[in-house]
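Reproduced below: structure28.tsv, with TSV, C-alpha atoms and all ligand atoms.
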```tsv
chain	number	residue	atom	x	y	z
A	1	MET	CA	99.30	88.86	95.42
A	2	ALA	CA	99.41	92.61	95.28
A	3	GLU	CA	100.95	92.98	91.83
A	4	MET	CA	98.44	90.70	90.20
A	5	ALA	CA	94.96	92.04	90.75
A	6	ARG	CA	92.71	88.99	90.65
A	7	GLU	CA	89.08	88.60	89.71
A	8	LEU	CA	87.22	88.60	93.00
A	9	GLY	CA	84.19	86.47	93.77
A	10	LYS	CA	80.94	87.71	95.22
A	11	SER	CA	80.64	89.56	98.50
A	12	VAL	CA	80.79	87.25	101.53
A	13	LEU	CA	81.02	89.71	104.35
A	14	LYS	CA	79.91	93.29	104.27
A	15	GLY	CA	79.98	95.74	107.16
A	16	GLU	CA	77.89	98.89	107.15
A	17	ASN	CA	78.67	101.52	109.79
A	18	ILE	CA	79.90	98.92	112.25
A	19	THR	CA	80.45	100.47	115.67
A	20	LYS	CA	81.57	99.05	119.01
A	21	VAL	CA	81.30	100.91	122.29
A	22	PHE	CA	82.67	99.38	125.49
A	23	GLY	CA	81.59	100.59	128.91
A	24	TYR	CA	79.54	103.57	130.05
A	25	GLY	CA	80.15	107.07	131.38
A	26	LYS	CA	83.76	107.67	132.31
A	27	THR	CA	84.89	104.25	131.09
A	28	ARG	CA	83.12	104.58	127.72
A	29	THR	CA	85.43	103.62	124.84
A	30	GLU	CA	84.41	103.84	121.23
A	31	ALA	CA	86.74	101.07	120.02
A	32	VAL	CA	85.32	100.88	116.48
A	33	LYS	CA	83.62	103.84	114.79
A	34	LYS	CA	81.27	103.40	111.84
A	35	VAL	CA	83.54	101.24	109.70
A	36	ASN	CA	82.51	100.01	106.27
A	37	PHE	CA	84.00	97.07	104.44
A	38	ASP	CA	83.20	94.56	101.73
A	39	PHE	CA	85.11	91.27	101.64
A	40	HIS	CA	84.79	88.88	98.69
A	41	GLU	CA	85.15	85.17	98.02
A	42	GLY	CA	88.82	84.22	97.77
A	43	GLU	CA	89.97	87.73	98.65
A	44	VAL	CA	92.95	88.27	100.94
A	45	ILE	CA	92.46	91.34	103.10
A	46	SER	CA	94.77	92.96	105.62
A	47	ILE	CA	93.64	95.25	108.39
A	48	VAL	CA	96.66	97.26	109.47
A	49	GLY	CA	96.94	99.64	112.38
A	50	GLU	CA	98.78	100.40	115.58
A	51	SER	CA	98.11	98.71	118.90
A	52	GLY	CA	94.71	99.67	120.32
A	53	SER	CA	93.31	100.88	116.98
A	54	GLY	CA	90.41	98.39	117.17
A	55	LYS	CA	91.54	95.53	114.90
A	56	THR	CA	90.82	92.65	117.25
A	57	THR	CA	87.53	94.26	118.24
A	58	ILE	CA	86.41	94.15	114.59
A	59	ALA	CA	87.50	90.50	114.39
A	60	ARG	CA	85.54	89.62	117.52
A	61	MET	CA	82.39	91.30	116.19
A	62	ILE	CA	82.72	89.51	112.86
A	63	LEU	CA	83.16	86.20	114.69
A	64	GLY	CA	80.12	86.89	116.83
A	65	LEU	CA	82.11	86.70	120.07
A	66	ILE	CA	80.95	90.17	121.11
A	67	THR	CA	77.84	92.14	120.10
A	68	ILE	CA	77.86	94.86	117.48
A	69	THR	CA	76.78	98.12	119.14
A	70	GLU	CA	75.53	99.67	115.91
A	71	GLY	CA	75.58	98.90	112.20
A	72	THR	CA	74.78	95.93	109.97
A	73	LEU	CA	76.86	92.91	109.11
A	74	LEU	CA	75.82	91.07	105.95
A	75	PHE	CA	76.94	87.48	105.43
A	76	ASN	CA	76.41	86.26	101.86
A	77	GLY	CA	74.22	89.28	101.24
A	78	GLN	CA	71.89	88.62	104.19
A	79	PRO	CA	71.98	90.19	107.67
A	80	ARG	CA	73.97	87.79	109.80
A	81	ASP	CA	71.73	85.90	112.20
A	82	ILE	CA	73.31	84.18	115.22
A	83	SER	CA	70.28	84.57	117.45
A	84	SER	CA	70.04	80.90	118.36
A	85	GLY	CA	72.61	78.27	119.28
A	86	LYS	CA	71.83	76.38	116.10
A	87	LYS	CA	72.30	79.43	113.84
A	88	ARG	CA	75.51	80.33	115.67
A	89	LYS	CA	76.90	76.83	115.09
A	90	GLU	CA	75.96	77.04	111.42
A	91	TYR	CA	77.69	80.44	111.10
A	92	TRP	CA	80.85	79.13	112.74
A	93	LYS	CA	81.12	76.41	110.11
A	94	ASN	CA	81.73	79.24	107.67
A	95	ILE	CA	84.04	81.42	109.69
A	96	GLN	CA	87.05	80.47	111.74
A	97	ALA	CA	89.92	82.28	113.39
A	98	VAL	CA	93.53	81.73	114.27
A	99	PHE	CA	94.55	84.00	117.10
A	100	GLN	CA	97.63	85.85	118.29
A	101	ASP	CA	98.02	83.40	121.10
A	102	PRO	CA	97.59	79.77	120.09
A	103	PHE	CA	97.31	78.85	123.76
A	104	SER	CA	93.92	80.53	123.84
A	105	SER	CA	92.68	78.63	120.80
A	106	PHE	CA	92.67	75.16	122.23
A	107	ASN	CA	91.14	73.40	125.15
A	108	MET	CA	94.45	72.26	126.62
A	109	PHE	CA	92.83	69.24	128.24
A	110	ASN	CA	91.66	67.72	124.97
A	111	LYS	CA	94.10	65.42	123.26
A	112	ILE	CA	95.18	66.44	119.79
A	113	ASP	CA	93.42	63.43	118.26
A	114	ASP	CA	90.11	64.56	119.77
A	115	LEU	CA	90.71	68.12	118.65
A	116	LEU	CA	91.13	67.02	115.05
A	117	LEU	CA	88.30	64.48	115.27
A	118	ASP	CA	85.98	67.28	116.45
A	119	CYS	CA	86.75	69.18	113.23
A	120	ILE	CA	85.80	66.16	111.13
A	121	ASN	CA	82.62	65.57	113.13
A	122	MET	CA	81.64	69.25	113.00
A	123	THR	CA	81.74	69.31	109.23
A	124	GLY	CA	79.48	66.34	108.68
A	125	GLY	CA	82.11	63.59	108.87
A	126	LYS	CA	80.61	61.90	111.93
A	127	HIS	CA	79.60	58.82	110.00
A	128	LYS	CA	82.89	58.25	108.26
A	129	SER	CA	84.81	55.08	109.11
A	130	ASP	CA	87.72	55.20	111.56
A	131	LYS	CA	90.07	54.54	108.66
A	132	GLU	CA	88.68	57.49	106.68
A	133	LYS	CA	88.97	59.76	109.72
A	134	PHE	CA	92.52	58.57	110.35
A	135	ASP	CA	93.43	59.31	106.71
A	136	MET	CA	91.90	62.80	106.93
A	137	MET	CA	93.82	63.61	110.11
A	138	THR	CA	97.04	62.28	108.61
A	139	GLU	CA	96.51	64.39	105.50
A	140	ALA	CA	95.78	67.51	107.56
A	141	CYS	CA	98.93	67.02	109.62
A	142	SER	CA	101.13	66.43	106.61
A	143	PHE	CA	99.69	69.56	104.96
A	144	VAL	CA	101.30	71.56	107.76
A	145	ASN	CA	104.43	69.38	107.96
A	146	LEU	CA	103.49	67.71	111.21
A	147	LYS	CA	103.57	63.95	111.66
A	148	TYR	CA	100.29	62.59	112.97
A	149	ALA	CA	102.07	59.61	114.52
A	150	GLU	CA	104.12	62.00	116.66
A	151	LEU	CA	101.06	63.92	117.82
A	152	THR	CA	98.74	61.11	118.67
A	153	ASN	CA	97.98	60.85	122.37
A	154	LYS	CA	99.58	64.23	123.07
A	155	TYR	CA	98.03	67.37	124.53
A	156	PRO	CA	98.40	70.79	122.89
A	157	PHE	CA	100.55	72.06	125.78
A	158	GLU	CA	103.13	69.42	124.92
A	159	LEU	CA	103.82	71.14	121.57
A	160	SER	CA	106.14	74.05	120.78
A	161	GLY	CA	104.60	77.42	119.88
A	162	GLY	CA	105.34	76.87	116.20
A	163	GLN	CA	103.89	73.35	116.22
A	164	MET	CA	100.80	74.64	117.95
A	165	GLN	CA	100.31	77.24	115.26
A	166	ARG	CA	100.67	74.61	112.57
A	167	LEU	CA	98.13	72.51	114.43
A	168	MET	CA	95.74	75.46	114.23
A	169	ILE	CA	96.19	75.48	110.48
A	170	ALA	CA	95.65	71.71	110.32
A	171	ARG	CA	92.28	72.38	111.98
A	172	ILE	CA	91.46	74.97	109.32
A	173	PHE	CA	92.46	72.44	106.66
A	174	LEU	CA	89.83	70.04	108.04
A	175	LEU	CA	87.15	72.65	108.70
A	176	LYS	CA	87.54	74.39	105.31
A	177	PRO	CA	85.72	77.58	106.35
A	178	LYS	CA	84.64	80.18	103.82
A	179	ILE	CA	86.31	82.92	105.85
A	180	LEU	CA	89.42	82.81	107.99
A	181	ILE	CA	90.48	85.59	110.33
A	182	ALA	CA	94.17	85.46	111.20
A	183	ASP	CA	94.95	87.83	114.04
A	184	GLU	CA	98.75	88.06	113.82
A	185	PRO	CA	99.13	84.30	113.67
A	186	THR	CA	102.82	84.52	112.91
A	187	SER	CA	104.01	86.85	115.64
A	188	MET	CA	105.47	84.24	117.91
A	189	VAL	CA	107.38	82.16	115.42
A	190	ASP	CA	110.66	82.93	113.72
A	191	ALA	CA	110.80	84.45	110.23
A	192	CYS	CA	111.27	81.08	108.55
A	193	SER	CA	108.23	79.45	110.18
A	194	ARG	CA	106.31	82.64	109.55
A	195	ALA	CA	106.91	82.37	105.81
A	196	THR	CA	105.94	78.70	105.91
A	197	ILE	CA	102.70	79.45	107.72
A	198	LEU	CA	101.84	82.22	105.27
A	199	ASP	CA	102.51	79.86	102.38
A	200	MET	CA	100.24	77.25	103.94
A	201	LEU	CA	97.42	79.73	104.38
A	202	MET	CA	97.79	81.03	100.83
A	203	LYS	CA	97.81	77.45	99.49
A	204	LEU	CA	94.59	76.78	101.40
A	205	ARG	CA	93.13	79.96	99.95
A	206	ASP	CA	93.94	78.71	96.45
A	207	GLU	CA	92.57	75.23	97.13
A	208	ILE	CA	89.27	76.08	98.76
A	209	GLY	CA	88.70	79.70	97.67
A	210	MET	CA	88.75	80.85	101.26
A	211	THR	CA	88.60	84.57	102.15
A	212	ILE	CA	91.45	85.47	104.50
A	213	ILE	CA	91.45	88.51	106.77
A	214	PHE	CA	94.91	89.20	108.19
A	215	ILE	CA	95.15	91.49	111.18
A	216	THR	CA	98.61	92.91	111.59
A	217	HIS	CA	100.89	95.82	112.48
A	218	ASP	CA	103.10	94.85	109.60
A	219	ILE	CA	102.43	96.86	106.47
A	220	GLY	CA	105.12	94.93	104.60
A	221	LEU	CA	103.28	91.69	105.24
A	222	ALA	CA	100.04	93.36	104.20
A	223	TYR	CA	101.55	94.43	100.89
A	224	TYR	CA	103.05	91.03	100.26
A	225	VAL	CA	99.95	88.91	100.87
A	226	SER	CA	96.86	91.05	100.28
A	227	ASP	CA	94.50	91.97	97.51
A	228	SER	CA	93.00	94.72	99.65
A	229	VAL	CA	94.29	96.70	102.59
A	230	TYR	CA	92.30	98.58	105.24
A	231	ILE	CA	94.30	101.05	107.33
A	232	MET	CA	92.91	101.60	110.80
A	233	GLU	CA	93.56	104.46	113.21
A	234	HIS	CA	91.70	105.13	116.48
A	235	GLY	CA	88.76	102.88	115.60
A	236	ALA	CA	88.20	104.12	112.04
A	237	PHE	CA	89.41	103.16	108.59
A	238	VAL	CA	91.44	106.09	107.28
A	239	GLU	CA	92.15	104.48	103.94
A	240	ALA	CA	91.17	101.29	102.09
A	241	GLY	CA	91.58	99.79	98.65
A	242	PRO	CA	93.78	97.54	96.51
A	243	ALA	CA	97.10	96.84	98.26
A	244	GLU	CA	99.01	98.45	95.41
A	245	ASP	CA	97.07	101.73	95.64
A	246	VAL	CA	97.07	102.02	99.42
A	247	ILE	CA	100.68	101.06	100.04
A	248	ILE	CA	102.50	102.34	96.98
A	249	HIS	CA	100.33	105.46	96.52
A	250	PRO	CA	99.02	106.25	100.01
A	251	LYS	CA	96.79	109.27	100.45
A	252	ALA	CA	96.27	109.44	104.20
A	253	ASP	CA	99.04	110.96	106.33
A	254	TYR	CA	98.68	108.09	108.76
A	255	THR	CA	99.39	105.51	106.03
A	256	LYS	CA	102.38	107.52	104.84
A	257	ARG	CA	103.71	107.50	108.38
A	258	LEU	CA	103.28	103.73	108.71
A	259	ILE	CA	105.06	103.21	105.41
A	260	SER	CA	107.94	105.51	106.23
A	261	ASP	CA	108.90	102.98	108.90
A	262	VAL	CA	109.37	100.34	106.19
A	263	PRO	CA	111.85	101.62	103.58
A	264	LYS	CA	112.11	98.15	102.05
A	265	ILE	CA	108.58	98.35	100.73
A	266	TYR	CA	109.63	100.15	97.57
A	267	GLY	CA	112.32	97.62	96.77
A	268	GLU	CA	112.01	94.06	95.61
A	269	TRP	CA	109.96	92.34	98.28
A	270	ASP	CA	111.63	89.24	99.54
A	271	LEU	CA	109.62	86.91	101.76
A	272	SER	CA	112.61	86.04	103.91
A	273	THR	CA	112.72	89.64	105.13
A	274	VAL	CA	109.06	89.88	106.08
A	275	GLY	CA	108.96	90.45	109.81
A	301	LIG	N1	86.44	94.08	126.52
A	301	LIG	C1	86.84	95.36	126.47
A	301	LIG	N2	86.39	96.28	127.35
A	301	LIG	C2	86.77	97.56	127.30
A	301	LIG	N3	87.60	98.05	126.37
A	301	LIG	C3	88.08	97.22	125.45
A	301	LIG	C4	87.73	95.82	125.44
A	301	LIG	N4	88.36	95.22	124.40
A	301	LIG	C5	89.08	96.20	123.79
A	301	LIG	N5	88.91	97.38	124.41
A	301	LIG	C6	89.51	98.68	124.01
A	301	LIG	O1	89.22	98.89	122.64
A	301	LIG	C7	90.34	99.47	121.97
A	301	LIG	C8	90.74	98.62	120.79
A	301	LIG	O2	91.26	97.38	121.24
A	301	LIG	P1	91.69	96.21	120.25
A	301	LIG	O3	92.01	95.02	121.09
A	301	LIG	O4	90.63	96.04	119.23
A	301	LIG	O5	92.99	96.81	119.57
A	301	LIG	P2	93.99	96.15	118.50
A	301	LIG	O6	94.02	97.05	117.33
A	301	LIG	O7	93.64	94.73	118.29
A	301	LIG	O8	95.40	96.26	119.26
A	301	LIG	P3	96.68	95.25	119.22
A	301	LIG	O9	97.37	95.54	117.94
A	301	LIG	O10	97.48	95.69	120.42
A	301	LIG	O11	96.19	93.84	119.33
A	301	LIG	C9	91.41	99.65	123.03
A	301	LIG	O12	91.34	100.95	123.50
A	301	LIG	C10	91.01	98.66	124.09
A	301	LIG	O13	91.46	99.08	125.35
A	302	MG	MG	94.65	92.90	118.64
```
Would you encode the structure as structure tokens?
Ligand SMILES: Nc1ncnc2c1ncn2[C@@H]1O[C@H](COP(=O)(O)OP(=O)(O)OP(=O)(O)O)[C@@H](O)[C@H]1O
Ligand SMILES: [Mg+2]
Amino acid sequence: MAEMARELGKSVLKGENITKVFGYGKTRTEAVKKVNFDFHEGEVISIVGESGSGKTTIARMILGLITITEGTLLFNGQPRDISSGKKRKEYWKNIQAVFQDPFSSFNMFNKIDDLLLDCINMTGGKHKSDKEKFDMMTEACSFVNLKYAELTNKYPFELSGGQMQRLMIARIFLLKPKILIADEPTSMVDACSRATILDMLMKLRDEIGMTIIFITHDIGLAYYVSDSVYIMEHGAFVEAGPAEDVIIHPKADYTKRLISDVPKIYGEWDLSTVG
């Protein structure tokens, strides 16, 4: 948490002059402009900025869903290599995402059991017994306060938005990635579920030393959960550093403006008011 600066592990993901250009000529958009970052093991990072500032574009480059126009991305100190299907699969064992819209995260025509089984199989659990797999799925569901018995034989579209988001976290619980990107995962649930989901993610961080990258408009949330905050405006980072420094002692005018919208930030921060 922001007030307690923690010892950070080694660098897991480092971006050097990462740039993304979409389109050509008149439609050319420089969505991300020469950004630099260094994320560490177990670190909680927030990328904060207004709509269209390039946050999701950074996430998609990190995930390898779109190409990086220019710059270098280092994973565990080595240039990331996803040049073959096999390497890509290996990389995705280490990095996972929960997206703004849970509907886009699932194949709606796969039953929930298969969805969770896939996670177990993907992480080397193929040869476990049915009983072991059942126990793992039950544990994952109870971690997010879902009952496996109530989910079995259902499809994702039969769940509520909040249940679907918790199911996404159950997947993360099984996959245990090194890095998790959470692109506003809490936007469509009420404040209470939002706090619960945050707690679940932070608990997972503590248990498996996962690095979490939150992408949000909400500077209050960023202060509450992060070790480090990166402030993004028009495709560039205007300010970055420990949450305490950036949010309590902002230097950039843009950060000051974002903060002026959140008077509560200087008071006692209460989780029930986040959002
Ligand atoms: N596939 C694409 N083709 C062309 N332009 C794109 C594409 N994806 C994003 N952009 C543009 O890049 C810019 C950054 O978009 P991005 O989705 O990264 O913003 P964001 O910070 O995630 O916004 P929000 O907070 O609304 O989710 C925008 O101008 C957007 O229109
Ligand atoms: Mg976005």
Chain A residues near ligand MG 302 (chain A) within 10 Å, closest pair each, using all atoms listed in the file, as JSON lines:
```
{"residue": "A:Gly49", "atom": "CA", "partner": "A:MG302", "partner_atom": "MG", "distance": 9.5}
{"residue": "A:Glu50", "atom": "CA", "partner": "A:MG302", "partner_atom": "MG", "distance": 9.1}
{"residue": "A:Ser51", "atom": "CA", "partner": "A:MG302", "partner_atom": "MG", "distance": 6.8}
{"residue": "A:Gly52", "atom": "CA", "partner": "A:MG302", "partner_atom": "MG", "distance": 7.0}
{"residue": "A:Ser53", "atom": "CA", "partner": "A:MG302", "partner_atom": "MG", "distance": 8.3}
{"residue": "A:Gly54", "atom": "CA", "partner": "A:MG302", "partner_atom": "MG", "distance": 7.1}
{"residue": "A:Lys55", "atom": "CA", "partner": "A:MG302", "partner_atom": "MG", "distance": 5.5}
{"residue": "A:Thr56", "atom": "CA", "partner": "A:MG302", "partner_atom": "MG", "distance": 4.1}
{"residue": "A:Thr57", "atom": "CA", "partner": "A:MG302", "partner_atom": "MG", "distance": 7.3}
{"residue": "A:Ile58", "atom": "CA", "partner": "A:MG302", "partner_atom": "MG", "distance": 9.3}
{"residue": "A:Ala59", "atom": "CA", "partner": "A:MG302", "partner_atom": "MG", "distance": 8.7}
{"residue": "A:Arg60", "atom": "CA", "partner": "A:MG302", "partner_atom": "MG", "distance": 9.7}
{"residue": "A:Phe99", "atom": "CA", "partner": "A:MG302", "partner_atom": "MG", "distance": 9.0}
{"residue": "A:Gln100", "atom": "CA", "partner": "A:MG302", "partner_atom": "MG", "distance": 7.7}
{"residue": "A:Asp183", "atom": "CA", "partner": "A:MG302", "partner_atom": "MG", "distance": 6.9}
{"residue": "A:Glu184", "atom": "CA", "partner": "A:MG302", "partner_atom": "MG", "distance": 8.0}
{"residue": "A:Ile215", "atom": "CA", "partner": "A:MG302", "partner_atom": "MG", "distance": 7.6}
{"residue": "A:Thr216", "atom": "CA", "partner": "A:MG302", "partner_atom": "MG", "distance": 8.1}
{"residue": "A:His217", "atom": "CA", "partner": "A:MG302", "partner_atom": "MG", "distance": 9.2}
```
Using all atoms of ligand LIG 301 (chain A) listed in the file and a margin of 6 Å per side, can you give the axis-aligned box centre and edge lengths in Å to one decimal, as AutoDock Vina command-line options?
```
--center_x 91.9 --center_y 97.4 --center_z 122.3 --size_x 23.1 --size_y 19.1 --size_z 22.0
```
What does the distance between atom CA of A:Ile47 and atom O11 of ligand LIG 301 (chain A) come to in Å, to one decimal place? 11.3 Å
Choose the residue, out of A:Ile62, A:Leu73, A:Val238, A:Ile231, that has the smallest atom-to-atom separation from A:Ile95; count all atoms listed in the file.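 For A:Ile95, the nearest of the given residues is A:Ile62.
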Please, which residues in stretch 7-98 of chain A fall within 9 Å of stretch 203-206 of chain A when counting all atoms listed in the file, and what is the closest atom pair and distance in Å to one decimal for each, ordered by chain then residue number, as a Markdown table?
```
| residue | atom | partner | partner_atom | distance |
| --- | --- | --- | --- | --- |
| A:Gly42 | CA | A:Arg205 | CA | 6.4 |
| A:Glu43 | CA | A:Arg205 | CA | 8.5 |
| A:Val44 | CA | A:Arg205 | CA | 8.4 |
```
Can you find the residues with an atom no farther than 12 Å from (104.0, 70.3, 121.0), counting all atoms listed in the file, and report them as a PyMOL selection string? chain A and resi 102-103+108+111-112+146-148+150-168
Keeping only C-alpha atoms, write the selected residues to a file as a CSV table (one decimal), in the coordinates of the input.
```
chain,number,residue,atom,x,y,z
A,102,PRO,CA,97.6,79.8,120.1
A,103,PHE,CA,97.3,78.8,123.8
A,108,MET,CA,94.4,72.3,126.6
A,111,LYS,CA,94.1,65.4,123.3
A,112,ILE,CA,95.2,66.4,119.8
A,146,LEU,CA,103.5,67.7,111.2
A,147,LYS,CA,103.6,64.0,111.7
A,148,TYR,CA,100.3,62.6,113.0
A,150,GLU,CA,104.1,62.0,116.7
A,151,LEU,CA,101.1,63.9,117.8
A,152,THR,CA,98.7,61.1,118.7
A,153,ASN,CA,98.0,60.8,122.4
A,154,LYS,CA,99.6,64.2,123.1
A,155,TYR,CA,98.0,67.4,124.5
A,156,PRO,CA,98.4,70.8,122.9
A,157,PHE,CA,100.6,72.1,125.8
A,158,GLU,CA,103.1,69.4,124.9
A,159,LEU,CA,103.8,71.1,121.6
A,160,SER,CA,106.1,74.0,120.8
A,161,GLY,CA,104.6,77.4,119.9
A,162,GLY,CA,105.3,76.9,116.2
A,163,GLN,CA,103.9,73.4,116.2
A,164,MET,CA,100.8,74.6,118.0
A,165,GLN,CA,100.3,77.2,115.3
A,166,ARG,CA,100.7,74.6,112.6
A,167,LEU,CA,98.1,72.5,114.4
A,168,MET,CA,95.7,75.5,114.2
```
Provide the atom CA of A:Val35 to atom CA of A:Gly235 distance in Å, to one decimal place.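 Between atom CA of A:Val35 and atom CA of A:Gly235 the gap works out to 8.0 Å.
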For the atom pair atom CA of A:Thr138 and atom CA of A:Lys126, what is the interatomic distance in Å to one decimal place?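 Between these atoms lies a distance of 16.8 Å.
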